[in-house]
Amino acid sequence: MATSKSTQGDWRKAHLFGPIVGLTLGVLALLVFTSALLVYRFDATANAREQHMVQHGFQRQIEELDKVVATQVGWDDAIKMLDHRQDGNWADFNIGNYLYTFNGFTHAFVVDGAEQVFYASFNGERAGLETYAPFAASAASLLPQIRKAELLRPPLRRRPGKNNLLIPPIQANTYARVGGRTYIVTATLVQPDFGVYLPKGPRAPVTIAAIPLDQAFLTTFGQRYLLDDLSLAPPGAALSPTGSLALPDTRGASAGVLKWNPREPSAVLFKQLLLPLLIVLGLLCVLALTMMRRSGAVVADLLASEARSKHLAFHDPLTQLPNRAMLFDRLHKLLGGIGSRGGHVLVACVDLDRFKEINDTLGHHAGDLVIAETAARLRAVCGEANLIARLGGDEFVVLCDKAGCADAEAIGENILKALSRPIQCEYGRLEIGCSVGTAVIDHAGVEPTEALRWADLALYRSKQEGRGRVSMFEPDMDKALQDRRSLEADLRIAMTSDQLRMVYQPQVDLGGNIIAVEALLRWKHPVRGDVPPGVFVPLAEETGLILPLGEFVLRRVFSDTRSWRKTRVAINVSAEQMRSRGFAAQVARLAAEAGIDPSRYEVELTETALLCDEPVTAGNINALKRLGFTFALDDFGTGYSSLSVLQRFSVDKIKIDRSFVNGLSDDGESEALVDAMIRLARALDLRVIAEGVESSTQRERLASCGCTEFQGFLTGRPMELSAVVALSGEDQAPGRALKRA
Ligand code: C2E
Ligand code: MG
Ligand code: MG
């Protein structure tokens, strides 16, 4: 049970924590993904821009170099000195030395209109023409472009006023790989500026200058464009989309690769964002943990309250025993099991015999103590293995799946023995006792309600047979119950039809004069015939029908006897009527309606009606006494009457039960008892009547003991109203003026 509870708890927690953990991980993943995407995009954009910047910057660098060379060879002197004269010294000073010293061109050459080199310099010094050979190929690739542009150039004409000719420079450049170094090679056509000197032929000389991409060049360029580790890799080096720039010659062959470390601004960004990011992550984790802890506590609370409500739903709060719902559930399973694996199930219904009295007289707290003690004793005697349930009130049920018919009685007797022991508590020694009914179900297909009904029928038999006993279910009990039910239904019908009537039995004095009559109810059933009051009165008491039935009797008797003058009338009233609130008021109302004198009427109560110290009963008795009714204690000697009861309720008369009168003919024991009863009555100043007097011997003996009133077949059987009226000399009432109940 504990394991399944904790498993259930784990399952719930997993269900609750799952989404929290999932959500947290999801948010984390989203954060990481978004950051990665941003970093990638950020870096990619920055690298593309850097790539573009380097490419563009390098182009600008070349253009600046071109401009330097163009300035040196774009004036009239250059035409004069290089085209007209081929002056080496002029070239040394203005080209070789100048370009080297101020711009770092290590090589400079001049070729004539026939593309023949006639000047060469290296590191600013005049050099042999053979130094041109390594650059000849590059120059050869550039010269056609120059010549083509030279051809397309507008004809050069001297302009009046010596104005500048405004001729744009004609240049071409390429990269070249020479002697393990990469050069920018620039070819520039020698042109006039003011046109004082014009080229002597159709083709002017061309200056070819080469500048190496050495460390100094790279450092200057790198610093200018903030490039880290700018370097030059040899041709064939791997190219990547970022951080490298190919340097092809005019034929597309690689002359080298510029390389640098692409900037990664995201790394900087990341470094700066790392701390806030970590703080956010930390907070997120703390939040998730807090939520998990809180929801863990909530789950624990929920489980506990669910367990509590489950327990409440299936247990009786007073005894903690399983309740009706759980009993039915278990019974259903056990009975279902009989079909699949055989065996049998014992159902025992237990009912406390005097619980209601305890509850009514000592209060509900005493009742609760009794119930709790009963539960404890049942647990002790039936063991934890069997299911003991409380159905409510003082009804208990024991289920046992290992007991067969042979054990049923023993189990029932054990329960009886355990509950028969008096309960010692703060209210003193309480004698409770119980009745038990058992049913053993040994075949499949029996419904739980049916099984319980069987055990209940057996319990009913126990109660009927005088309580404090065990009965086992027998199929004929079912029939008895059916009969009882149909009798009950018939009795209801009888009350509204003409099947009920009253008869009157005379009560005589020593001289045989009728001094009173006892009203007795009769039921003539159209099919069953005469149903004795000993059968239908207890049935009416059990079913609550006694209240309307009692009202019928009162109305009829008052109506029958209202014109009587001297003969008293005894009416039987059951304990249930006395216990009913408003009974005295009802009698008073009926008496007033009939116009009778209450002092001529005597209420006959049995001892059980007075046994329990019911405030309602006492109130009814006192109220009726105040109206003038007297009280007789019927069937005296058969119950539990005590002296105190006689005194407390101040009855006026006792009716010695017919069992004692009957015994008078046989033994002396009954005579002694009757004698004692009469003495007691005298001592308490009570009148005494003996009932069931059938013989004159009995009457004489009773008279010799001091009894002065007699009732029985000897002096008159119960008879119709007309007969008793005739005998008593009373007037017959003019008619039943009272309306029916
Ligand atoms: P009970 O009040 O003790 O009534 C006396 C019973 O003894 C009557 O039985 C009567 O017929 C019977 N009896 C009288 N004399 C003799 C005799 O000499 N020998 C024998 N063997 N019996 C005699 P009954 O009429 O069958 O009534 C039985 C019980 O039913 C009554 O006992 C009373 O407790 C109850 N009862 C009858 N009528 C009413 C009623 O109107 N209301 C209530 N609450 N109970 C009634
Ligand atoms: Mg009576
Ligand atoms: Mg009696």
# chains A, B, ... in the order shown; residues from 1 in each chain; ligands from 1
$ select_by_dssp --residues "stretch 175-420 of chain A" --states "helix (DSSP H, G or I)" --output "PyMOL selection string"
chain A and resi 215-224+265-314+324-341+355-362+364-382+405-420
$ residues_around --residues "A:Ser695" --least-positions-apart "3" --cutoff "9 Å" --atoms "only C-alpha atoms" --output "compact mmCIF listing (two decimals) with N, CA, C and O atoms, in the first residue's frame"
# COMPACT_ATOMS: atom_id res chain seq x y z
N SER A 665 -52.32 -23.48 39.00
CA SER A 665 -52.96 -24.78 39.09
C SER A 665 -51.95 -25.89 39.33
O SER A 665 -52.28 -26.96 39.82
N GLN A 698 -58.05 -21.15 40.08
CA GLN A 698 -57.10 -20.02 39.94
C GLN A 698 -57.69 -18.79 40.62
O GLN A 698 -57.01 -18.08 41.36
N ARG A 699 -58.94 -18.55 40.39
CA ARG A 699 -59.57 -17.37 40.95
C ARG A 699 -59.55 -17.42 42.49
O ARG A 699 -59.27 -16.41 43.15
N GLU A 700 -59.83 -18.63 43.02
CA GLU A 700 -59.85 -18.75 44.48
C GLU A 700 -58.47 -18.51 45.07
O GLU A 700 -58.29 -17.81 46.06
N GLY A 712 -60.31 -12.91 32.48
CA GLY A 712 -59.96 -14.18 31.86
C GLY A 712 -61.17 -14.87 31.29
O GLY A 712 -62.30 -14.38 31.39
N PHE A 713 -60.90 -15.98 30.64
CA PHE A 713 -61.99 -16.70 29.97
C PHE A 713 -63.06 -17.14 30.97
O PHE A 713 -64.22 -17.31 30.62
N LEU A 714 -62.63 -17.28 32.26
CA LEU A 714 -63.58 -17.70 33.28
C LEU A 714 -64.71 -16.68 33.44
O LEU A 714 -65.89 -17.05 33.55
$ residues_around --residues "A:Leu610" --least-positions-apart "5" --cutoff "12 Å" --atoms "only C-alpha atoms" --output "PyMOL selection string"
chain A and resi 357+361+573-579+604-605+615-621+631-634+636+639-651
$ residues_near_ligand --ligand "ligand 3" --cutoff "12 Å" --atoms "only C-alpha atoms and all ligand atoms" --output "ChimeraX atom specification"
/A:505,518-520,533-534,570-574,604-607,632-639,654-661,689-693,711-712
$ closest_residue --among "A:Glu150, A:Leu287, A:Ile514, A:Arg528" --to "A:Lys566" --atoms "only C-alpha atoms"
A:Ile514
$ atom_distance --atom1 "atom CA of A:Arg556" --atom2 "atom CA of A:Leu627"
19.4 Å
$ residues_around --residues "A:Val535" --least-positions-apart "2" --cutoff "12 Å" --atoms "only C-alpha atoms" --output "short mmCIF file (atom, residue, chain, number, x, y, z; two decimals) with N, CA, C and O atoms, in the first residue's frame"
data_model
loop_
_atom_site.label_atom_id
_atom_site.label_comp_id
_atom_site.auth_asym_id
_atom_site.auth_seq_id
_atom_site.Cartn_x
_atom_site.Cartn_y
_atom_site.Cartn_z
N GLN A 464 -35.68 -12.03 16.61
CA GLN A 464 -37.05 -12.51 16.84
C GLN A 464 -37.08 -13.57 17.93
O GLN A 464 -38.02 -13.65 18.70
N ASP A 483 -43.35 -13.26 3.57
CA ASP A 483 -44.67 -13.31 4.21
C ASP A 483 -44.91 -12.08 5.06
O ASP A 483 -45.98 -11.48 5.06
N ARG A 484 -43.86 -11.71 5.81
CA ARG A 484 -43.95 -10.56 6.69
C ARG A 484 -44.25 -9.30 5.88
O ARG A 484 -45.08 -8.49 6.25
N LEU A 487 -47.71 -9.31 4.72
CA LEU A 487 -48.61 -9.05 5.85
C LEU A 487 -48.63 -7.55 6.16
O LEU A 487 -49.69 -6.97 6.43
N GLU A 488 -47.46 -6.96 6.07
CA GLU A 488 -47.34 -5.52 6.35
C GLU A 488 -48.20 -4.73 5.33
O GLU A 488 -48.94 -3.82 5.70
N LEU A 491 -51.74 -5.11 6.15
CA LEU A 491 -52.14 -4.34 7.34
C LEU A 491 -52.42 -2.88 6.96
O LEU A 491 -53.35 -2.27 7.47
N LEU A 521 -57.83 -5.39 20.06
CA LEU A 521 -57.98 -5.16 18.63
C LEU A 521 -58.08 -6.50 17.89
O LEU A 521 -57.37 -7.45 18.22
N ARG A 522 -58.92 -6.52 16.87
CA ARG A 522 -59.07 -7.74 16.05
C ARG A 522 -58.94 -7.40 14.57
O ARG A 522 -59.38 -6.36 14.13
N TRP A 523 -58.28 -8.31 13.85
CA TRP A 523 -58.11 -8.12 12.39
C TRP A 523 -58.66 -9.35 11.68
O TRP A 523 -58.11 -10.42 11.85
N ASP A 530 -58.73 -14.67 10.74
CA ASP A 530 -58.36 -13.88 11.92
C ASP A 530 -56.84 -13.89 12.10
O ASP A 530 -56.24 -14.96 12.21
N VAL A 531 -56.26 -12.71 12.09
CA VAL A 531 -54.81 -12.61 12.35
C VAL A 531 -54.67 -12.17 13.81
O VAL A 531 -55.19 -11.11 14.18
N PRO A 532 -53.98 -12.95 14.67
CA PRO A 532 -53.90 -12.60 16.09
C PRO A 532 -53.11 -11.33 16.33
O PRO A 532 -52.13 -11.06 15.63
N PRO A 533 -53.48 -10.54 17.34
CA PRO A 533 -52.73 -9.32 17.64
C PRO A 533 -51.28 -9.61 17.99
O PRO A 533 -50.39 -8.78 17.74
N VAL A 537 -49.50 -6.86 15.89
CA VAL A 537 -49.09 -5.70 16.70
C VAL A 537 -47.55 -5.53 16.69
O VAL A 537 -47.05 -4.44 16.41
N PRO A 538 -46.77 -6.63 16.97
CA PRO A 538 -45.29 -6.45 16.88
C PRO A 538 -44.85 -5.99 15.49
O PRO A 538 -43.93 -5.18 15.35
N LEU A 539 -45.53 -6.52 14.44
CA LEU A 539 -45.17 -6.11 13.07
C LEU A 539 -45.42 -4.61 12.90
O LEU A 539 -44.59 -3.88 12.34
N ALA A 540 -46.55 -4.16 13.43
CA ALA A 540 -46.87 -2.73 13.33
C ALA A 540 -45.86 -1.90 14.12
O ALA A 540 -45.47 -0.81 13.69
N GLU A 541 -45.42 -2.45 15.25
CA GLU A 541 -44.42 -1.71 16.05
C GLU A 541 -43.10 -1.61 15.30
O GLU A 541 -42.45 -0.56 15.29
N GLU A 542 -42.69 -2.67 14.63
CA GLU A 542 -41.41 -2.65 13.90
C GLU A 542 -41.48 -1.73 12.69
O GLU A 542 -40.48 -1.12 12.33
#
$ atom_distance --atom1 "atom CA of A:Arg421" --atom2 "atom CA of A:Arg469"
13.8 Å
$ residues_around --residues "A:Arg492" --least-positions-apart "6" --cutoff "12 Å" --atoms "only C-alpha atoms" --output "compact mmCIF listing (two decimals) with N, CA and C atoms, in the first residue's frame"
# COMPACT_ATOMS: atom_id res chain seq x y z
N ARG A 485 -43.52 -9.21 4.76
CA ARG A 485 -43.71 -8.02 3.92
C ARG A 485 -45.14 -7.96 3.39
N SER A 486 -45.64 -9.14 2.97
CA SER A 486 -46.99 -9.11 2.39
C SER A 486 -48.01 -8.83 3.50
N ASP A 498 -62.56 -2.14 6.22
CA ASP A 498 -63.34 -2.50 7.41
C ASP A 498 -62.85 -3.78 8.08
N GLN A 499 -61.60 -4.08 7.93
CA GLN A 499 -61.11 -5.37 8.45
C GLN A 499 -60.80 -5.33 9.94
N LEU A 500 -60.64 -4.14 10.50
CA LEU A 500 -60.26 -4.03 11.93
C LEU A 500 -61.50 -3.70 12.78
N TRP A 523 -58.28 -8.31 13.85
CA TRP A 523 -58.11 -8.12 12.39
C TRP A 523 -58.66 -9.35 11.68
N HIS A 525 -58.79 -10.82 8.28
CA HIS A 525 -58.22 -10.70 6.92
C HIS A 525 -59.12 -11.44 5.94
N PHE A 536 -49.73 -9.28 14.47
CA PHE A 536 -49.68 -8.02 13.70
C PHE A 536 -49.28 -6.81 14.55
N LEU A 539 -45.53 -6.52 14.44
CA LEU A 539 -45.17 -6.11 13.07
C LEU A 539 -45.42 -4.61 12.90
N ALA A 540 -46.55 -4.16 13.43
CA ALA A 540 -46.87 -2.73 13.33
C ALA A 540 -45.86 -1.90 14.12
N THR A 543 -42.62 -1.68 12.07
CA THR A 543 -42.69 -0.93 10.81
C THR A 543 -43.16 0.50 11.00
N GLY A 544 -43.50 0.87 12.21
CA GLY A 544 -43.97 2.24 12.46
C GLY A 544 -45.47 2.40 12.23
N LEU A 545 -46.10 1.30 11.78
CA LEU A 545 -47.55 1.38 11.53
C LEU A 545 -48.35 1.51 12.81
N ILE A 546 -47.68 1.27 13.94
CA ILE A 546 -48.38 1.28 15.23
C ILE A 546 -48.98 2.66 15.53
N LEU A 547 -48.38 3.71 15.00
CA LEU A 547 -48.90 5.05 15.31
C LEU A 547 -50.29 5.26 14.70
N PRO A 548 -50.46 5.05 13.36
CA PRO A 548 -51.83 5.17 12.84
C PRO A 548 -52.79 4.11 13.41
N LEU A 549 -52.22 2.90 13.65
CA LEU A 549 -53.05 1.84 14.20
C LEU A 549 -53.56 2.21 15.60
$ residues_around --residues "A:Leu624" --least-positions-apart "2" --cutoff "9 Å" --atoms "only C-alpha atoms" --output "list in words"
Ala584, Ala585, Val587, Ala588, Pro598, Gly619, Asn620, Ile621, Asn622, Arg626, Leu627, Gly628, Phe629 and Thr630 of chain A
$ closest_residue --among "A:Ser728, A:Asp666, A:Pro506, A:Glu409" --to "ligand 1" --atoms "only C-alpha atoms and all ligand atoms"
A:Pro506
$ atom_distance --atom1 "atom CA of A:Arg453" --atom2 "atom CA of A:Asp360"
27.7 Å
$ residues_around --residues "A:Asp329" --least-positions-apart "5" --cutoff "12 Å" --atoms "only C-alpha atoms" --output "tab-separated table (two decimals) with C-alpha atoms, in the first residue's frame"
chain	number	residue	atom	x	y	z
A	314	PHE	CA	-14.21	4.20	2.66
A	322	PRO	CA	-14.33	0.13	6.58
A	323	ASN	CA	-17.77	1.48	5.72
A	324	ARG	CA	-20.59	0.23	3.51
A	334	LEU	CA	-14.81	-12.12	-2.86
A	335	LEU	CA	-18.06	-13.31	-4.40
A	336	GLY	CA	-16.61	-12.89	-7.88
A	387	LEU	CA	-12.96	-7.42	6.92
A	389	ALA	CA	-17.24	-3.02	8.55
A	399	LEU	CA	-16.53	-10.85	6.03
A	447	GLU	CA	-24.79	-10.43	-5.65
A	448	PRO	CA	-23.36	-8.57	-2.62
A	449	THR	CA	-26.80	-7.13	-1.75
$ closest_residue --among "A:Val517, A:Leu269, A:Ala78, A:Leu702" --to "ligand 2" --atoms "only C-alpha atoms and all ligand atoms"
A:Val517
$ select_by_dssp --residues "stretch 29-137 of chain A" --states "strand (DSSP E)" --output "PyMOL selection string"
chain A and resi 107-111+117-122+125-126
$ closest_residue --among "A:His52, A:Arg308, A:Arg565, A:Arg701" --to "A:Pro262" --atoms "only C-alpha atoms"
A:His52
$ closest_residue --among "A:Val553, A:Ala372, A:Cys425, A:Leu142" --to "ligand 1" --atoms "only C-alpha atoms and all ligand atoms"
A:Val553
$ closest_residue --among "A:Ala216, A:Met326, A:Ile432, A:Leu369" --to "A:Val397" --atoms "only C-alpha atoms"
A:Met326
